[in-house]
Amino acid sequence: MRAFYRGYSAATGRRAKQVRNLHVMREDGNFAGQQGLCGAPGWGVTQSPPVVIDPIPAEPPAGLVWCRSCIGHAAHLVGQLESFARIVASLHELAPKPTVPAQGRCGRCRQTRPLFPFSWVPDGWAEFKEIHLCARCHSLSSLEDEDGHLDSGPFLNQIGAFR
């Protein structure tokens, strides 16, 4: 098996910053030796020749990561897809389970929805003010807080920032 990544300059051989994936070369089919298993083009274009690594390395070169799609296809080609699937399934069992946010009344829209904490420091205050908001209001409040200020006077009144 061979691997490749897109080059950047035929003159310098330097790699562009946007080149991040190391692909596994397709060795059969219509584009054998010219395409990754994921379908990424591996043929040369102006100022961006492919850099082919033969044989495939155990780890990608510095600054690159494996193309996930190519690795999955390569695992299937070498007969290891089922064992990788079992490994992933066993790791999934060990992974922390996502917590479901508690339901309650949103501090902004007052509807009963799953709530998330939201905190900020109002002008002139020395400590954080905290409230629980639904996902919609949380995202709206984050937008309002881009400049460091909550811009909604009624919202500030509703959550008690002026008390």
# chains A, B, ... in the order shown; residues from 1 in each chain; ligands from 1
$ residues_around --residues "Pro60 (chain A)" --least-positions-apart "3" --cutoff "10 Å" --atoms "only C-alpha atoms" --output "compact mmCIF listing (two decimals) with C-alpha atoms, in the first residue's frame"
# COMPACT_ATOMS: atom_id res chain seq x y z
CA ALA A 3 0.00 6.91 0.79
CA PHE A 4 -0.01 10.44 -0.58
CA TYR A 5 -0.76 14.03 0.28
CA ASN A 21 -4.80 14.71 5.29
CA LEU A 22 -2.61 11.76 4.40
CA HIS A 23 -4.60 9.55 2.01
CA ILE A 53 5.00 7.77 0.25
CA ILE A 56 2.58 3.46 3.68
CA PRO A 57 4.07 4.81 6.95
CA GLY A 63 1.49 18.24 10.41
CA LEU A 64 -0.71 15.62 8.73
CA VAL A 65 -3.44 13.32 10.01
CA TRP A 66 -4.86 10.16 8.47
CA CYS A 67 -7.86 10.60 6.21
$ closest_residue --among "A:Pro117, A:Arg6, A:Cys109, A:Gly36" --to "Cys70 (chain A)" --atoms "only C-alpha atoms"
A:Gly36
$ select_by_dssp --residues "region 45-121 of chain A" --states "helix (DSSP H, G or I)" --output "short mmCIF file (atom, residue, chain, number, x, y, z; two decimals) with N, CA and C atoms, in the first residue's frame"
data_model
loop_
_atom_site.label_atom_id
_atom_site.label_comp_id
_atom_site.auth_asym_id
_atom_site.auth_seq_id
_atom_site.Cartn_x
_atom_site.Cartn_y
_atom_site.Cartn_z
N ARG A 68 -9.74 9.85 7.54
CA ARG A 68 -10.55 8.84 8.24
C ARG A 68 -11.25 7.90 7.28
N SER A 69 -11.72 8.45 6.17
CA SER A 69 -12.41 7.62 5.19
C SER A 69 -11.45 6.61 4.56
N CYS A 70 -10.25 7.06 4.20
CA CYS A 70 -9.26 6.16 3.61
C CYS A 70 -8.88 5.03 4.57
N ILE A 71 -8.72 5.37 5.85
CA ILE A 71 -8.34 4.36 6.83
C ILE A 71 -9.44 3.31 6.98
N GLY A 72 -10.70 3.74 6.97
CA GLY A 72 -11.81 2.79 7.04
C GLY A 72 -11.84 1.88 5.83
N HIS A 73 -11.63 2.43 4.64
CA HIS A 73 -11.60 1.61 3.42
C HIS A 73 -10.40 0.66 3.44
N ALA A 74 -9.26 1.14 3.92
CA ALA A 74 -8.07 0.30 3.99
C ALA A 74 -8.27 -0.84 4.98
N ALA A 75 -8.93 -0.57 6.10
CA ALA A 75 -9.21 -1.63 7.08
C ALA A 75 -10.09 -2.71 6.44
N HIS A 76 -11.04 -2.30 5.63
CA HIS A 76 -11.90 -3.27 4.92
C HIS A 76 -11.06 -4.10 3.94
N LEU A 77 -10.15 -3.45 3.21
CA LEU A 77 -9.34 -4.16 2.22
C LEU A 77 -8.42 -5.20 2.85
N LEU A 81 -11.82 -4.64 9.22
CA LEU A 81 -12.92 -3.73 9.52
C LEU A 81 -13.77 -4.22 10.69
N GLU A 82 -14.08 -5.52 10.72
CA GLU A 82 -14.91 -6.06 11.80
C GLU A 82 -14.22 -5.94 13.16
N SER A 83 -12.91 -6.19 13.20
CA SER A 83 -12.21 -6.08 14.49
C SER A 83 -12.14 -4.62 14.93
N PHE A 84 -11.96 -3.69 13.99
CA PHE A 84 -11.98 -2.26 14.35
C PHE A 84 -13.36 -1.86 14.84
N ALA A 85 -14.40 -2.39 14.23
CA ALA A 85 -15.76 -2.09 14.66
C ALA A 85 -15.99 -2.58 16.09
N ARG A 86 -15.47 -3.76 16.43
CA ARG A 86 -15.60 -4.27 17.80
C ARG A 86 -14.84 -3.39 18.78
N ILE A 87 -13.65 -2.94 18.39
CA ILE A 87 -12.87 -2.06 19.27
C ILE A 87 -13.61 -0.76 19.52
N VAL A 88 -14.15 -0.18 18.45
CA VAL A 88 -14.89 1.08 18.60
C VAL A 88 -16.12 0.88 19.48
N ALA A 89 -16.83 -0.23 19.29
CA ALA A 89 -18.01 -0.50 20.11
C ALA A 89 -17.65 -0.66 21.58
N SER A 90 -16.54 -1.34 21.87
CA SER A 90 -16.14 -1.51 23.27
C SER A 90 -15.70 -0.19 23.87
N LEU A 91 -15.02 0.66 23.08
CA LEU A 91 -14.63 1.97 23.59
C LEU A 91 -15.84 2.86 23.82
N HIS A 92 -16.85 2.70 22.99
CA HIS A 92 -18.08 3.48 23.16
C HIS A 92 -18.74 3.15 24.49
N GLU A 93 -18.68 1.89 24.90
CA GLU A 93 -19.26 1.49 26.18
C GLU A 93 -18.53 2.14 27.35
N LEU A 94 -17.22 2.38 27.19
CA LEU A 94 -16.42 2.99 28.26
C LEU A 94 -16.51 4.51 28.28
#
$ residues_around --residues "Phe31 (chain A)" --least-positions-apart "4" --cutoff "12 Å" --atoms "only C-alpha atoms" --output "NGL selection string"
:A and (25-27 or 35-43)
$ residues_around --residues "Ala102 (chain A)" --least-positions-apart "3" --cutoff "12 Å" --atoms "only C-alpha atoms" --output "CSV table (one decimal) with C-alpha atoms, in the first residue's frame"
chain,number,residue,atom,x,y,z
A,99,THR,CA,-25.8,14.2,30.5
A,105,ARG,CA,-38.4,27.4,33.1
A,106,CYS,CA,-36.0,29.4,30.9
A,112,THR,CA,-40.2,24.8,30.0
A,113,ARG,CA,-37.3,23.4,28.2
A,114,PRO,CA,-33.9,21.7,28.8
A,115,LEU,CA,-31.7,24.4,30.5
A,116,PHE,CA,-28.1,25.4,30.3
A,117,PRO,CA,-26.1,27.7,32.6
A,132,HIS,CA,-30.4,29.1,33.3
A,133,LEU,CA,-31.4,29.4,29.7
A,134,CYS,CA,-32.8,27.1,27.0
A,135,ALA,CA,-30.6,26.4,24.0
$ select_by_dssp --residues "region 13-122 of chain A" --states "strand (DSSP E or B)" --output "number ranges by chain"
A: 21-25, 35-36, 41, 45, 48, 50-53, 65-66, 103-105, 112-114, 116-120
$ atom_distance --atom1 "CA of Val19 (chain A)" --atom2 "CA of Thr46 (chain A)"
15.4 Å
